[in-house]
Amino acid sequence: MSKPKVFEKPLGVKDYLPEAVTKLRNIEYRVLACMERWGYNQILTPTLEYYDTVGVASSTEDKKLFKLLDRKGQTLVLRSELTAPIARVASSLLKEHAFPLRLSYHSNVFRAIEEEAGRDSEFYQTGVELIGDASSEADAEVVALAVASLQAAGVGTFKIALGHVGFLNGLFQETLEGRSDAQLSLKEHLLARDYVGYREAIKSLALSPEVERELIGVLRLRGGDEICEQARMVSQHPIAQDAIRHLCEVWDVLKAYGVSEHVVIDLTMIGDFSYYTGMTFEGYAADLGFPVCSGGRYDNLLSQFGRPAPATGFALKTNRILEVNGGEAVATPKRVLIAYDAEHREEALQLAKAKRGSEETAVVITQLVSEPEAWSKARLAKEDGTYEVRGIAYQEVIALLAQ
C-alpha cells in the first residue's frame, strides 16, 4: 500500500473552508437558539466513550463504529451519535434531576463507511432529547420542534414522514405469526426503502391472496389524517391498533401546533427497528435524496444505564442542511483595515482595540506598512464607498502613516 500524500485525507472526511464554516456555524447558532426557546438546554459529551457501555447501547451497527484501545486495553469508540451518551449522562450526572429532561446538543459524530458516494465518516448533528415523558404530547413536541428547527436552519421546502414501529410489528405478527425470518426480511426491505424487493419477498412467501394484498397494501398507507382510519381497517392486532391510536393523537397535536402541513403519515416508516420503540420520523428537503433529520421514540435505552425512562428526540444532519441552503447568503460584518507604520504602531493598535470593543459587528484588521507609497497604490477606492486592498474588500480604511 502506497503512503498517503501530504495533502490527502482519510475516506469520508472533509475540510471546511472559511465561507462554509461561517454558513455551518450560522445554521448551528440559529437552530440551537430555536431549541433554547423551546426550553432545551445544551449539553456536551466526550468524543470518546467506552464500547461496552455507550458503544453497545448505540443505534449504530457495530461494523460502523470506529474503535480503538486505551492504554489499559479497554475498547473505546468515537461517538457515532449523541442519544446514547446523553442517556448515560441522564442516568448518572443528572440522576437527581426530575423528569422530564429537555436537552439539546451540537457535535460531530463518526461512522465507518464503505466507499459509497455521498456518505461521510465524520458529520455534524444538532438535536434534542425529551426524557421522561411517554405521552403523545411529547412525541408531537419533538416533531413540531423539528419543523421549527428546519425552518430556523433555512430549509425552505421539506416534508416530515411520520410512522410507528408498532403498526408493522402488529400487522406482521397477525399475518406472519411464527415466521420471524419472513418478518425480519420484510422489515429490512422497508428500512432500505426497497419496495420492489418488499413485493417480491411477499410473493415468495406463498401467502393467501387476501394476506398478500393486505401486506402489499401497506405501501399505499401514506398521506394525511385519512390514513389513520384506513390503517385501523388493515390490522386488528392490539399492538397495531395501539400504534395507530397513538399516531393519530400525535397528528391531532401537530394540527394544534399548526405544522401538520409539513407532515405526512407514512406507515412504511420503521426507522431502525431494533432501536426505536414507537413513533419514528424522517425529514426530507426538496431535491435532496438523503433525510435532513430523523428521530423517534426509544423507551428501552435508559434502562441499559440503570434509570429506566421513556424518551423521544431527533437530530438534524447539519452538514446535509448546508448542502440544501449552501447558496444562502450570510450577513458579513463590517471590515475595517487600520494601516500603520512603526512610528504610529501604538496609536494604531490602541485604536483597533477600541473599535473591537465598541463595534461588536465589525472585523478590525491591522497591518504594518513598510512602504507607504506602494501601499497607497495598492489601495483602490470603489464607487460604492468601499475599498479594495490587495484583492480584499473593506468598508473602512484608516491609514496612520507618516506624511
# chains A, B, ... in the order shown; residues from 1 in each chain; ligands from 1

$ select_by_dssp --residues "segment 228-347 of chain A" --states "helix (DSSP H, G or I)" --output "JSON, numbers by chain"
{"A": [228, 229, 230, 231, 232, 233, 234, 238, 239, 240, 241, 242, 243, 244, 245, 246, 247, 248, 249, 250, 251, 252, 253, 254, 255, 256, 257, 260, 261, 262, 302, 303, 304, 305, 318, 319, 320, 321, 322, 323, 324, 342, 343, 344, 345, 346, 347]}

$ residues_around --residues "Ala240 of chain A" --least-positions-apart "6" --cutoff "12 Å" --atoms "only C-alpha atoms" --output "list in words"
Gly163, His164, Val165, Gly166, Phe167, Leu168, Asn169, Gly170, Leu171, Phe172, Gln173, Glu174, Thr175, Cys228, Ala231, Arg232, Met233, Val234, His246, Leu247, Leu267 and Gly278 of chain A

$ write_last_selection --atoms "N, CA and C atoms" --output "PDB file, in the first residue's frame"
ATOM      1  N   GLY A 163     -44.127   7.740  11.126  1.00  0.00           N
ATOM      2  CA  GLY A 163     -44.567   6.351  11.202  1.00  0.00           C
ATOM      3  C   GLY A 163     -44.561   5.847  12.633  1.00  0.00           C
ATOM      4  N   HIS A 164     -44.804   4.545  12.789  1.00  0.00           N
ATOM      5  CA  HIS A 164     -44.819   3.938  14.124  1.00  0.00           C
ATOM      6  C   HIS A 164     -44.442   2.474  13.973  1.00  0.00           C
ATOM      7  N   VAL A 165     -43.389   2.057  14.680  1.00  0.00           N
ATOM      8  CA  VAL A 165     -42.916   0.680  14.530  1.00  0.00           C
ATOM      9  C   VAL A 165     -43.963  -0.327  15.002  1.00  0.00           C
ATOM     10  N   GLY A 166     -44.845   0.067  15.914  1.00  0.00           N
ATOM     11  CA  GLY A 166     -45.857  -0.847  16.434  1.00  0.00           C
ATOM     12  C   GLY A 166     -46.854  -1.303  15.392  1.00  0.00           C
ATOM     13  N   PHE A 167     -47.136  -0.441  14.402  1.00  0.00           N
ATOM     14  CA  PHE A 167     -48.114  -0.830  13.384  1.00  0.00           C
ATOM     15  C   PHE A 167     -47.613  -2.032  12.598  1.00  0.00           C
ATOM     16  N   LEU A 168     -46.396  -1.965  12.093  1.00  0.00           N
ATOM     17  CA  LEU A 168     -45.854  -3.081  11.314  1.00  0.00           C
ATOM     18  C   LEU A 168     -45.612  -4.301  12.191  1.00  0.00           C
ATOM     19  N   ASN A 169     -45.179  -4.084  13.428  1.00  0.00           N
ATOM     20  CA  ASN A 169     -44.976  -5.225  14.328  1.00  0.00           C
ATOM     21  C   ASN A 169     -46.280  -5.989  14.537  1.00  0.00           C
ATOM     22  N   GLY A 170     -47.351  -5.242  14.786  1.00  0.00           N
ATOM     23  CA  GLY A 170     -48.647  -5.880  14.987  1.00  0.00           C
ATOM     24  C   GLY A 170     -49.163  -6.555  13.735  1.00  0.00           C
ATOM     25  N   LEU A 171     -49.038  -5.870  12.600  1.00  0.00           N
ATOM     26  CA  LEU A 171     -49.515  -6.430  11.340  1.00  0.00           C
ATOM     27  C   LEU A 171     -48.765  -7.714  10.991  1.00  0.00           C
ATOM     28  N   PHE A 172     -47.443  -7.702  11.134  1.00  0.00           N
ATOM     29  CA  PHE A 172     -46.656  -8.885  10.781  1.00  0.00           C
ATOM     30  C   PHE A 172     -46.910 -10.030  11.760  1.00  0.00           C
ATOM     31  N   GLN A 173     -47.118  -9.718  13.026  1.00  0.00           N
ATOM     32  CA  GLN A 173     -47.442 -10.782  13.986  1.00  0.00           C
ATOM     33  C   GLN A 173     -48.791 -11.411  13.654  1.00  0.00           C
ATOM     34  N   GLU A 174     -49.706 -10.605  13.145  1.00  0.00           N
ATOM     35  CA  GLU A 174     -51.037 -11.098  12.801  1.00  0.00           C
ATOM     36  C   GLU A 174     -51.016 -11.947  11.533  1.00  0.00           C
ATOM     37  N   THR A 175     -50.254 -11.503  10.533  1.00  0.00           N
ATOM     38  CA  THR A 175     -50.278 -12.162   9.226  1.00  0.00           C
ATOM     39  C   THR A 175     -49.161 -13.189   9.040  1.00  0.00           C
ATOM     40  N   CYS A 228     -55.163   7.378   9.129  1.00  0.00           N
ATOM     41  CA  CYS A 228     -55.474   6.793  10.438  1.00  0.00           C
ATOM     42  C   CYS A 228     -56.642   5.815  10.322  1.00  0.00           C
ATOM     43  N   ALA A 231     -55.755   2.718   8.209  1.00  0.00           N
ATOM     44  CA  ALA A 231     -54.862   1.786   8.894  1.00  0.00           C
ATOM     45  C   ALA A 231     -55.609   0.968   9.939  1.00  0.00           C
ATOM     46  N   ARG A 232     -56.622   1.567  10.564  1.00  0.00           N
ATOM     47  CA  ARG A 232     -57.403   0.830  11.569  1.00  0.00           C
ATOM     48  C   ARG A 232     -58.104  -0.380  10.957  1.00  0.00           C
ATOM     49  N   MET A 233     -58.400  -0.308   9.661  1.00  0.00           N
ATOM     50  CA  MET A 233     -59.100  -1.389   8.970  1.00  0.00           C
ATOM     51  C   MET A 233     -58.144  -2.473   8.491  1.00  0.00           C
ATOM     52  N   VAL A 234     -56.828  -2.173   8.458  1.00  0.00           N
ATOM     53  CA  VAL A 234     -55.857  -3.113   7.905  1.00  0.00           C
ATOM     54  C   VAL A 234     -55.555  -4.237   8.883  1.00  0.00           C
ATOM     55  N   HIS A 246     -52.076   6.015  18.962  1.00  0.00           N
ATOM     56  CA  HIS A 246     -51.042   6.950  19.414  1.00  0.00           C
ATOM     57  C   HIS A 246     -50.648   7.903  18.290  1.00  0.00           C
ATOM     58  N   LEU A 247     -50.472   7.365  17.080  1.00  0.00           N
ATOM     59  CA  LEU A 247     -50.046   8.186  15.957  1.00  0.00           C
ATOM     60  C   LEU A 247     -51.103   9.232  15.614  1.00  0.00           C
ATOM     61  N   LEU A 267     -46.812   4.782   6.915  1.00  0.00           N
ATOM     62  CA  LEU A 267     -46.753   3.589   7.752  1.00  0.00           C
ATOM     63  C   LEU A 267     -45.750   2.556   7.259  1.00  0.00           C
ATOM     64  N   GLY A 278     -41.476   3.159  19.208  1.00  0.00           N
ATOM     65  CA  GLY A 278     -42.787   3.756  18.938  1.00  0.00           C
ATOM     66  C   GLY A 278     -42.759   4.609  17.691  1.00  0.00           C
TER      67      GLY A 278
END

$ closest_residue --among "A:Ala152, A:Leu219, A:Val143, A:Val77" --to "Leu32 of chain A" --atoms "only C-alpha atoms"
A:Ala152

$ select_by_dssp --residues "segment 195-318 of chain A" --states "strand (DSSP E)" --output "number ranges by chain"
A: 222-223, 263-266, 279-285, 291-297, 311-317

$ atom_distance --atom1 "atom CA of Asp341 of chain A" --atom2 "atom CA of Glu360 of chain A"
25.8 Å
